[in-house]
>>> print(open('target.pdb').read())   # PDB, C-alpha atoms, pLDDT in the B column
ATOM      1  CA  MET A   1     -12.717   3.519   9.857  1.00 84.00           C
ATOM      2  CA  GLN A   2     -10.568   0.416  10.022  1.00 90.00           C
ATOM      3  CA  ILE A   3      -6.940   0.253   8.979  1.00 92.00           C
ATOM      4  CA  SER A   4      -4.920  -2.726   7.781  1.00 94.00           C
ATOM      5  CA  THR A   5      -1.320  -2.828   8.912  1.00 94.00           C
ATOM      6  CA  PHE A   6       1.697  -4.490   7.363  1.00 95.00           C
ATOM      7  CA  MET A   7       5.398  -4.684   8.059  1.00 93.00           C
ATOM      8  CA  ILE A   8       8.271  -3.529   5.902  1.00 92.00           C
ATOM      9  CA  ALA A   9      11.669  -4.084   7.515  1.00 90.00           C
ATOM     10  CA  ASP A  10      11.077  -3.208  11.177  1.00 88.00           C
ATOM     11  CA  GLU A  11       8.370  -0.591  10.598  1.00 90.00           C
ATOM     12  CA  THR A  12       4.598  -0.959  10.586  1.00 92.00           C
ATOM     13  CA  PHE A  13       2.575   0.821   7.917  1.00 93.00           C
ATOM     14  CA  ALA A  14      -1.174   1.232   7.566  1.00 94.00           C
ATOM     15  CA  ILE A  15      -3.717   1.744   4.804  1.00 94.00           C
ATOM     16  CA  PRO A  16      -7.505   1.983   5.027  1.00 92.00           C
ATOM     17  CA  SER A  17      -9.008  -1.519   5.138  1.00 94.00           C
ATOM     18  CA  LEU A  18     -11.686  -0.423   2.681  1.00 93.00           C
ATOM     19  CA  VAL A  19      -9.093  -0.328  -0.133  1.00 94.00           C
ATOM     20  CA  VAL A  20      -7.852  -3.876   0.614  1.00 94.00           C
ATOM     21  CA  GLU A  21      -9.459  -6.763  -1.249  1.00 94.00           C
ATOM     22  CA  GLU A  22      -7.320  -9.571   0.164  1.00 94.00           C
ATOM     23  CA  TYR A  23      -3.961 -10.708   1.519  1.00 93.00           C
ATOM     24  CA  PHE A  24      -2.179 -13.717   0.023  1.00 93.00           C
ATOM     25  CA  ARG A  25       1.141 -15.502  -0.152  1.00 92.00           C
ATOM     26  CA  PRO A  26       3.399 -14.418  -2.996  1.00 90.00           C
ATOM     27  CA  LEU A  27       2.603 -15.689  -6.459  1.00 92.00           C
ATOM     28  CA  PRO A  28       5.059 -15.971  -9.344  1.00 92.00           C
ATOM     29  CA  VAL A  29       5.765 -12.516 -10.778  1.00 94.00           C
ATOM     30  CA  THR A  30       6.446 -11.892 -14.465  1.00 95.00           C
ATOM     31  CA  ARG A  31       9.040  -9.154 -14.817  1.00 93.00           C
ATOM     32  CA  VAL A  32       8.454  -6.447 -17.398  1.00 92.00           C
ATOM     33  CA  PRO A  33      11.680  -5.302 -19.097  1.00 91.00           C
ATOM     34  CA  GLY A  34      12.304  -1.571 -18.845  1.00 89.00           C
ATOM     35  CA  SER A  35       9.701  -0.976 -16.134  1.00 86.00           C
ATOM     36  CA  ASP A  36      10.203   1.267 -13.140  1.00 87.00           C
ATOM     37  CA  PRO A  37      12.453  -0.520 -10.600  1.00 87.00           C
ATOM     38  CA  ARG A  38       9.739  -0.036  -7.957  1.00 90.00           C
ATOM     39  CA  ILE A  39       7.490  -2.347  -9.990  1.00 91.00           C
ATOM     40  CA  ASP A  40       8.277  -6.048  -9.488  1.00 93.00           C
ATOM     41  CA  GLY A  41       6.196  -7.004 -12.529  1.00 94.00           C
ATOM     42  CA  LEU A  42       2.810  -8.601 -13.184  1.00 96.00           C
ATOM     43  CA  VAL A  43       0.990 -11.349 -11.342  1.00 96.00           C
ATOM     44  CA  ASN A  44      -2.009 -13.483 -12.321  1.00 95.00           C
ATOM     45  CA  ILE A  45      -4.662 -13.511  -9.583  1.00 93.00           C
ATOM     46  CA  ARG A  46      -7.379 -15.975 -10.618  1.00 90.00           C
ATOM     47  CA  GLY A  47      -7.374 -14.716 -14.196  1.00 92.00           C
ATOM     48  CA  ARG A  48      -6.854 -11.029 -13.384  1.00 91.00           C
ATOM     49  CA  THR A  49      -3.537  -9.334 -14.055  1.00 94.00           C
ATOM     50  CA  GLY A  50      -2.166  -7.194 -11.249  1.00 94.00           C
ATOM     51  CA  VAL A  51       0.770  -4.802 -11.168  1.00 93.00           C
ATOM     52  CA  VAL A  52       3.065  -5.676  -8.242  1.00 94.00           C
ATOM     53  CA  VAL A  53       4.512  -2.691  -6.367  1.00 93.00           C
ATOM     54  CA  ASN A  54       7.679  -3.370  -4.372  1.00 93.00           C
ATOM     55  CA  MET A  55       7.074  -1.417  -1.174  1.00 92.00           C
ATOM     56  CA  ARG A  56      10.673  -1.808   0.048  1.00 92.00           C
ATOM     57  CA  CYS A  57      11.929  -0.142  -3.116  1.00 90.00           C
ATOM     58  CA  CYS A  58       9.295   2.623  -2.863  1.00 87.00           C
ATOM     59  CA  LEU A  59      10.590   3.432   0.605  1.00 85.00           C
ATOM     60  CA  GLY A  60      14.246   3.343  -0.457  1.00 86.00           C
ATOM     61  CA  LEU A  61      15.046   0.200   1.537  1.00 88.00           C
ATOM     62  CA  GLU A  62      17.302  -2.723   0.689  1.00 88.00           C
ATOM     63  CA  PRO A  63      15.657  -5.745  -0.992  1.00 85.00           C
ATOM     64  CA  ARG A  64      14.078  -8.322   1.303  1.00 84.00           C
ATOM     65  CA  PRO A  65      16.492 -11.082   2.314  1.00 78.00           C
ATOM     66  CA  VAL A  66      16.187 -14.110   0.018  1.00 73.00           C
ATOM     67  CA  HIS A  67      15.130 -16.429   2.866  1.00 75.00           C
ATOM     68  CA  GLN A  68      12.072 -14.237   3.689  1.00 81.00           C
ATOM     69  CA  CYS A  69       8.950 -15.013   1.713  1.00 84.00           C
ATOM     70  CA  GLY A  70       6.834 -11.877   2.189  1.00 91.00           C
ATOM     71  CA  GLU A  71       3.143 -11.377   1.477  1.00 95.00           C
ATOM     72  CA  MET A  72       1.043  -9.618  -1.115  1.00 96.00           C
ATOM     73  CA  ILE A  73      -1.913  -7.280  -0.644  1.00 96.00           C
ATOM     74  CA  LEU A  74      -4.429  -6.997  -3.480  1.00 95.00           C
ATOM     75  CA  LEU A  75      -6.099  -3.599  -3.529  1.00 94.00           C
ATOM     76  CA  GLU A  76      -9.697  -3.009  -4.522  1.00 93.00           C
ATOM     77  CA  THR A  77     -10.284  -1.654  -8.008  1.00 91.00           C
ATOM     78  CA  THR A  78     -12.392   1.438  -8.677  1.00 89.00           C
ATOM     79  CA  GLN A  79     -15.378  -0.671  -9.781  1.00 90.00           C
ATOM     80  CA  ARG A  80     -15.299  -2.767  -6.601  1.00 91.00           C
ATOM     81  CA  LEU A  81     -14.822   0.103  -4.140  1.00 89.00           C
ATOM     82  CA  VAL A  82     -17.730   0.173  -1.668  1.00 92.00           C
ATOM     83  CA  ALA A  83     -19.897   3.253  -1.093  1.00 92.00           C
ATOM     84  CA  GLU A  84     -18.410   3.822   2.379  1.00 92.00           C
ATOM     85  CA  ALA A  85     -14.946   4.122   0.842  1.00 90.00           C
ATOM     86  CA  ARG A  86     -16.214   6.607  -1.735  1.00 90.00           C
ATOM     87  CA  ASP A  87     -17.920   8.614   1.032  1.00 91.00           C
ATOM     88  CA  LEU A  88     -14.553   8.807   2.813  1.00 87.00           C
ATOM     89  CA  LYS A  89     -13.025  10.020  -0.489  1.00 87.00           C
ATOM     90  CA  LEU A  90     -10.774   6.961  -0.756  1.00 87.00           C
ATOM     91  CA  THR A  91      -9.682   6.244  -4.291  1.00 84.00           C
ATOM     92  CA  THR A  92      -8.114   3.308  -6.071  1.00 85.00           C
ATOM     93  CA  PHE A  93      -7.401   2.473  -9.691  1.00 86.00           C
ATOM     94  CA  GLU A  94      -9.097   0.751 -12.624  1.00 87.00           C
ATOM     95  CA  GLU A  95      -6.407  -1.929 -12.818  1.00 89.00           C
ATOM     96  CA  SER A  96      -5.523  -4.387 -10.077  1.00 91.00           C
ATOM     97  CA  VAL A  97      -2.608  -3.258  -7.919  1.00 93.00           C
ATOM     98  CA  VAL A  98      -0.727  -5.577  -5.552  1.00 95.00           C
ATOM     99  CA  LEU A  99       1.545  -4.366  -2.762  1.00 95.00           C
ATOM    100  CA  ASN A 100       4.550  -6.607  -2.109  1.00 95.00           C
ATOM    101  CA  VAL A 101       5.227  -6.329   1.660  1.00 95.00           C
ATOM    102  CA  ASP A 102       7.240  -8.268   4.226  1.00 94.00           C
ATOM    103  CA  SER A 103       4.212  -9.393   6.233  1.00 93.00           C
ATOM    104  CA  ALA A 104       0.603  -8.505   6.908  1.00 91.00           C
ATOM    105  CA  SER A 105      -0.113  -7.627  10.524  1.00 85.00           C
ATOM    106  CA  HIS A 106      -3.468  -6.632  12.010  1.00 89.00           C
ATOM    107  CA  ILE A 107      -6.670  -4.738  11.403  1.00 91.00           C
ATOM    108  CA  TYR A 108      -7.454  -1.926  13.848  1.00 90.00           C
ATOM    109  CA  HIS A 109     -10.442   0.315  14.360  1.00 90.00           C
ATOM    110  CA  LEU A 110      -9.225   3.895  13.971  1.00 83.00           C
ATOM    111  CA  ILE A 111     -10.670   6.777  15.971  1.00 82.00           C
ATOM    112  CA  ASP A 112     -10.203  10.226  14.397  1.00 74.00           C
ATOM    113  CA  GLU A 113      -8.101  11.471  17.322  1.00 73.00           C
ATOM    114  CA  GLU A 114      -5.560   8.706  16.688  1.00 80.00           C
ATOM    115  CA  LYS A 115      -4.438  10.112  13.316  1.00 82.00           C
ATOM    116  CA  HIS A 116      -1.782  12.833  13.235  1.00 82.00           C
ATOM    117  CA  PRO A 117      -0.116  14.725  10.361  1.00 80.00           C
ATOM    118  CA  SER A 118       3.163  13.507   8.901  1.00 78.00           C
ATOM    119  CA  PRO A 119       6.268  14.560  10.796  1.00 74.00           C
ATOM    120  CA  PRO A 120       8.200  17.329   8.996  1.00 75.00           C
ATOM    121  CA  HIS A 121      11.247  15.093   8.393  1.00 74.00           C
ATOM    122  CA  VAL A 122       9.274  12.558   6.317  1.00 74.00           C
ATOM    123  CA  ASN A 123      10.183  12.985   2.647  1.00 70.00           C
ATOM    124  CA  GLN A 124       7.936  10.388   0.982  1.00 71.00           C
ATOM    125  CA  LEU A 125       5.065  12.260  -0.655  1.00 78.00           C
ATOM    126  CA  PHE A 126       2.724   9.287  -0.246  1.00 84.00           C
ATOM    127  CA  VAL A 127       2.910   9.245   3.564  1.00 85.00           C
ATOM    128  CA  ASP A 128      -0.480  10.444   4.765  1.00 86.00           C
ATOM    129  CA  GLY A 129       0.220  10.811   8.473  1.00 88.00           C
ATOM    130  CA  VAL A 130       0.936   8.849  11.610  1.00 90.00           C
ATOM    131  CA  VAL A 131      -1.523   6.731  13.554  1.00 90.00           C
ATOM    132  CA  CYS A 132      -1.149   6.044  17.277  1.00 88.00           C
ATOM    133  CA  ILE A 133      -3.131   3.105  18.677  1.00 87.00           C
ATOM    134  CA  ASP A 134      -2.452   1.766  22.160  1.00 84.00           C
ATOM    135  CA  GLU A 135       0.898   3.592  22.254  1.00 84.00           C
ATOM    136  CA  HIS A 136       2.022   1.979  18.975  1.00 85.00           C
ATOM    137  CA  TYR A 137       2.782   4.248  16.030  1.00 87.00           C
ATOM    138  CA  PHE A 138       2.041   3.315  12.419  1.00 90.00           C
ATOM    139  CA  THR A 139       2.883   5.260   9.263  1.00 90.00           C
ATOM    140  CA  MET A 140      -0.319   5.844   7.287  1.00 91.00           C
ATOM    141  CA  LEU A 141       0.141   5.594   3.514  1.00 90.00           C
ATOM    142  CA  SER A 142      -2.015   7.031   0.759  1.00 88.00           C
ATOM    143  CA  VAL A 143      -2.335   4.320  -1.877  1.00 85.00           C
ATOM    144  CA  SER A 144      -3.589   6.850  -4.444  1.00 85.00           C
ATOM    145  CA  LYS A 145      -0.603   9.138  -3.940  1.00 85.00           C
ATOM    146  CA  LEU A 146       1.797   6.176  -4.037  1.00 84.00           C
ATOM    147  CA  ILE A 147       0.471   4.850  -7.348  1.00 82.00           C
ATOM    148  CA  GLN A 148       0.213   8.297  -8.915  1.00 80.00           C
ATOM    149  CA  HIS A 149       3.812   8.952  -7.845  1.00 76.00           C
ATOM    150  CA  LEU A 150       4.861   5.686  -9.514  1.00 77.00           C
ATOM    151  CA  LEU A 151       2.949   6.439 -12.704  1.00 70.00           C
ATOM    152  CA  HIS A 152       3.786  10.096 -13.099  1.00 65.00           C
ATOM    153  CA  GLY A 153       6.712  10.816 -10.780  1.00 56.00           C
ATOM    154  CA  THR A 154       4.686  13.557  -9.083  1.00 44.00           C
ATOM    155  CA  ILE A 155       1.574  13.950  -7.021  1.00 41.00           C
ATOM    156  CA  LYS A 156      -1.014  16.337  -8.378  1.00 43.00           C
ATOM    157  CA  ASP A 157      -4.747  16.806  -8.642  1.00 42.00           C
ATOM    158  CA  LEU A 158      -5.612  14.362  -5.854  1.00 40.00           C
ATOM    159  CA  PRO A 159      -8.612  14.975  -3.619  1.00 40.00           C
TER     160      PRO A 159
END
>>> encode(input="target.pdb", output="structure tokens")
Amino acid sequence: MQISTFMIADETFAIPSLVVEEYFRPLPVTRVPGSDPRIDGLVNIRGRTGVVVNMRCCLGLEPRPVHQCGEMILLETTQRLVAEARDLKLTTFEESVVLNVDSASHIYHLIDEEKHPSPPHVNQLFVDGVVCIDEHYFTMLSVSKLIQHLLHGTIKDLP
């Protein structure tokens, strides 16, 4: 499996590449009054509406400095998820979801032995483990758990 990495503050995070549709520079975001503070708002991606998730806020970090532009990651929707992703039991959502991150990094090929369980001190329920590649550690996130946590405040009934 391949993983896509991205930076938030000084930490590198990873998600399976099979759930990533594309990376792009930030687009104008329409705020939605009364929405969860972890949701930046909605963005129009070539005629499709996507919900923008502020990853800094999800991780309890300060907002990105104004002078930093950031990047956005469009996730695959359920209909567009390839068979390999389904075989690996990766899940996404019906609607388009966009992760607002500081910067996109690299794509790595992951060997099973490189993934380890989450450390006991990690309190975010959507952290899916730690990946070690070439002596670099990345925090692996579960997109499904993250979005379900945003929508329902809890994580339940996930494969």
>>> resolve_selection(input="target.pdb", expression="the PyMOL selection byres ((chain A and resi 16) around 8)", output="PDB file with C-alpha atoms, in the coordinates of the input")
ATOM      1  CA  MET A   1     -12.717   3.519   9.857  1.00 84.00           C
ATOM      2  CA  GLN A   2     -10.568   0.416  10.022  1.00 90.00           C
ATOM      3  CA  ILE A   3      -6.940   0.253   8.979  1.00 92.00           C
ATOM      4  CA  SER A   4      -4.920  -2.726   7.781  1.00 94.00           C
ATOM      5  CA  ALA A  14      -1.174   1.232   7.566  1.00 94.00           C
ATOM      6  CA  ILE A  15      -3.717   1.744   4.804  1.00 94.00           C
ATOM      7  CA  SER A  17      -9.008  -1.519   5.138  1.00 94.00           C
ATOM      8  CA  LEU A  18     -11.686  -0.423   2.681  1.00 93.00           C
ATOM      9  CA  VAL A  19      -9.093  -0.328  -0.133  1.00 94.00           C
ATOM     10  CA  VAL A  20      -7.852  -3.876   0.614  1.00 94.00           C
TER      11      VAL A  20
END
>>> closest_residue(input="target.pdb", among="A:Leu81, A:Val143, A:Val97, A:Ile107", to="A:Asn44", atoms="all atoms listed in the file")
A:Val97
>>> residues_around(input="target.pdb", residues="A:Leu61", least_positions_apart="4", cutoff="9 Å", atoms="all atoms listed in the file", output="PyMOL selection string")
chain A and resi 8-9+55-57
>>> closest_residue(input="target.pdb", among="A:Ile45, A:Ala104, A:Met72, A:Val66", to="A:Glu11", atoms="only C-alpha atoms")
A:Ala104
>>> residues_around(input="target.pdb", residues="A:Val127", least_positions_apart="4", cutoff="7 Å", atoms="all atoms listed in the file", output="list of chain:residue names")
A:Ser118, A:Thr139, A:Met140, A:Leu141, A:Ser142
>>> resolve_selection(input="target.pdb", expression="the PyMOL selection byres ((chain A and resi 41) around 7)", output="PyMOL selection string")
chain A and resi 29-32+39-40+42-43+51-52
>>> atom_distance(input="target.pdb", atom1="atom CA of A:Leu75", atom2="atom CA of A:Val101")
12.8 Å
>>> closest_residue(input="target.pdb", among="A:Lys145, A:His116, A:His121, A:Arg25", to="A:Thr92", atoms="all atoms listed in the file")
A:Lys145
>>> residues_around(input="target.pdb", residues="A:Pro37", least_positions_apart="6", cutoff="10 Å", atoms="all atoms listed in the file", output="ChimeraX atom specification")
/A:53-54,57-58,150
